[in-house]
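Below you'll find the structure, written out as structure tokens, and then a few comments.
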Amino acid sequence: MTGTAPAAAESVPAGGGPHWPAPFAGHPIDATVTVPGSKSLTNRYLVLAALADGPSRLRAPLHSRDSALMIAALRRLGATITEVPGDGAFGPDLDVLPAPAGAGTGPADIDCGLAGTVMRFVPPLAALRQGRTVFDGDPHARLRPMGTIIEALTGLGVDVAAPDGGPATALPFAVEGTVEVRGGHLVIDASASSQFVSALLLAGPRFTEGLHLEHRSAANPGQPVPSLDHIAMTVTTLRELGVTVDDSRPNHWIVSPGPIRAFDRRIEQDLSNAGPFLAAALATRGTVRIPDWPVGTTQVGDLWRGILTAMGATVSLEGGTLTVTGGRSISGGTFADTSELAPTVAALCALADGPSTLTGIAHLRGHETDRLAALVTEINRLGGDAEETADGLVIRPAPLHGGVVRSYADHRMATAGAILGLAVPGVEVEDIATTAKTMPDFPQLWADMLTPAEGTSADETRADKDAAGGPQH
């Protein structure tokens with residue numbers, strides 16, 4: 001199953017439109033799904049390509065609102081990014097030429113939308129150009145934690161202020177670039193997001209003295225950064241491109257100064273975005289296959305193999321294809337440190353036959369929306385039984401009914417609503433268009449997944465549903 005890229009990626013809206021009737025599955029699904037490229041990898045490689053020592057190519061990258069915002073931001077800073085024909089199913093490849101020395105000077109405005117990678121990864125790059133760069137974004141973006149990156153740049157000697165010249169603590173703010181950043185030892189509190197660490201590591205090789213970054217939690221000294229898998233992805237990507245990174249001490253990262261090697265890379269498909277489709281196998285007691293699943297990967301989405309097994313699914317990875325088949329019911333349990341996978345996990349927990357606890361995800365309160373509060377509100381809106389804890393959620397079995405699931409301009413809230421709609425008739429999702437943030441083709445891919453295989457009759461699929469137990473909520 002494939003899809004097509006939006007005609008003009010940079011014009012993809014943040015959301016809008018009428019409620020989307022979430023399709024109810026009248027039978028166990030049996031589908032093979034391919035999803036677009038990883039947002040995390042695409043935007044990291046775009047940043048590194050803009051800093052590299054020569055031209056680079058990204059093959060089969062993500063084309064979505066988040067990646068379009070990153071492309072637009074890097075172009076504003078002087079990089080040349082060109083779409084070229086490729087063999088990816090979801091859009092063209094990207095050729096990237098880094099900005100030549102002295103290019104991109106003068107004032108620039110950056111629209112961050114609601115993309116955490118743009119609002120956090122790009123300001124350090126703005127410090128490496130000559131001129132003033134103003135950052136702003138969607139209304140929700142002004143609520144996202146940004147103080148750490150502002151304080152970090154200030155600690156590196158970079159002038160950061162509100163557009164009116166006053167102190168800055170969040171979007172909007174302006175960075176006064178002077179081309180050279182000294183670097184050295186820097187202590188930050190990255191408790192709110194691993195992206196603060198990744199942002200500084202990505203730019204670190206271009207600092208005159210490199211960077212010795214230390215995370216020190218103000219509230220709980222010694223506590224690690226949340227979502228360490230995303231930092232590991234950043235470190236691995238830097239090392240692949242010839243950058244020396246020492247992460248042998250917990251909460252310390254030392255990046256040596258030096259060139260970032262130009263590259264030609266194929267982007268893995270987004271394993272986190274594969275999650276809702278894999279979850280559909282459990283919600284419908286069916287089977288979903290994802291081809292080209294990497295045997296080794298830095299993506300946090302690879303955790304699906306263990307999570308879904310714990311929830312009662314049969315999971316296998318053979319010949320590069322991940323196959324997930326749902327059991328007769330969904331098992332509850334305790335799920336720790338699920339990070340960006342948590343909304344999908346929570347949706348399945350709301351359909352489970354036993355209680356569940358999600359822990360280690362307090363930082364999700366600072367994502368596109370307060371995801372913990374949003375998940376509790378929307379699950380309970382449909383008759384569920386969910387509550388917040390200090391660092392996660394508790395979800396207990398309860399009969400669910402139809403209703404509107406609000407998305408809060410958050411793509412993962414929208415896909416969580418779609419999962420619930422598979423098993424609960426009458427679910428509608430507000431603003432399904434917000435999935436364009438990382439997966440513009442989501443509504444069509446979802447509909448295609450639910451289409452019975454050619455040659456399968458409605459009577460056969462109803463019999464399959466009865467035999468498998470069918471959706472129970």
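Quick note on naming: the chains in the structure tokens go A, B, ... in the order shown, residues restart at 1 in each chain, and ligands are numbered from 1 in order of appearance.
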Backbone-only DSSP, strand (DSSP E or B) members of stretch 231-386 of chain A, as a PyMOL selection string | chain A and resi 245-246+252-255+264-266+269+287-290+314-318+321-325+334-336+356-359+385-386
For A:Thr244, find every residue with an atom within 12 Å (counting only C-alpha atoms), except residues of its own chain fewer than 5 positions away, and show them as number ranges by chain.
A: 201-202, 204-205, 210-212, 235-239, 253-261
- Contacts of stretch 154-165 of chain A within 9 Å, only C-alpha atoms, excl. fewer than 6 positions in-chain, as an MDAnalysis selection string: chainID A and resid 127 134:135 171:178 181:187
Practice task
Mind the document's chain letters and residue numbers, and return as an NGL selection string the residues of stretch 215-411 of chain A that DSSP labels helix (DSSP H, G or I).
Solution key: :A and (228-240 or 271-284 or 300-310 or 339-350 or 362-366 or 371-381 or 411)
Report task. Would you mind telling me which residue in A:Ser407, A:Gln130, A:Thr344, A:Thr357 lies nearest to A:Thr377 when using only C-alpha atoms? Result ->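 Answer, going by the shortest atom-to-atom distance: A:Ser407.
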Within 9 Å of A:Pro139, counting only C-alpha atoms, which residues qualify if same-chain residues fewer than 4 places away don't, as a PyMOL selection string?
chain A and resi 113-114+143
Exercise: A:Arg266 partners within 9 Å, only C-alpha atoms, chain neighbours under 3 positions left out, as a PyMOL selection string: chain A and resi 57-61
Checklist entry - What is the distance between atom CA of A:Trp20 and atom CA of A:Ile419, in Å to one decimal? => result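 Going from atom CA of A:Trp20 over to atom CA of A:Ile419, I get 12.8 Å.
Between atom CA of A:Ile150 and atom CA of A:Leu74 the separation is 19.0 Å.
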Restricting to only C-alpha atoms, whichever of A:Ala79, A:Ala313, A:Leu372, A:Ile307 is closest to A:Val345 is A:Ile307
- Straight-line distance linking atom CA of A:Gly417 with atom CA of A:Gly366, stated in Å to one decimal: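 Computing it gives 20.1 Å between the two atoms.
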Minimum-distance residue to A:Leu97, chosen among A:Thr82, A:Ser67, A:Thr309, A:Asn273 (using only C-alpha atoms):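 That would be A:Thr82, the residue with the smallest distance to A:Leu97.
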*Given the choices A:Leu125, A:Leu422, A:Ala203, A:Leu382, which gets closest to A:Gly286 if the distance is worked out from only C-alpha atoms?*
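Of A:Leu125, A:Leu422, A:Ala203, A:Leu382, the one nearest A:Gly286 is A:Leu422, counting only C-alpha atoms.
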Q | Nearest-residue call for A:Ala423, choices A:Ile71, A:Ala374, A:Leu308, A:Ala25, using only C-alpha atoms | A |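 Result for the nearest residue to A:Ala423: A:Ala25.
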Residue with the minimum atom-to-atom distance to A:Asp441, picked from A:Phe335, A:Phe24, A:Phe90, A:Phe121 with only C-alpha atoms counted, is A:Phe90
Hey, what's within 8 Å of A:Ser198 if we count only C-alpha atoms and toss same-chain stuff fewer than 6 positions away? As a tab-separated table (two decimals) with C-alpha atoms, in the first residue's frame, please?
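Result file is result.tsv:
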```
chain	number	residue	atom	x	y	z
A	121	PHE	CA	16.94	22.43	16.49
A	230	HIS	CA	15.94	10.12	20.72
A	231	ILE	CA	19.30	11.37	22.01
A	234	THR	CA	21.16	11.95	17.39
```
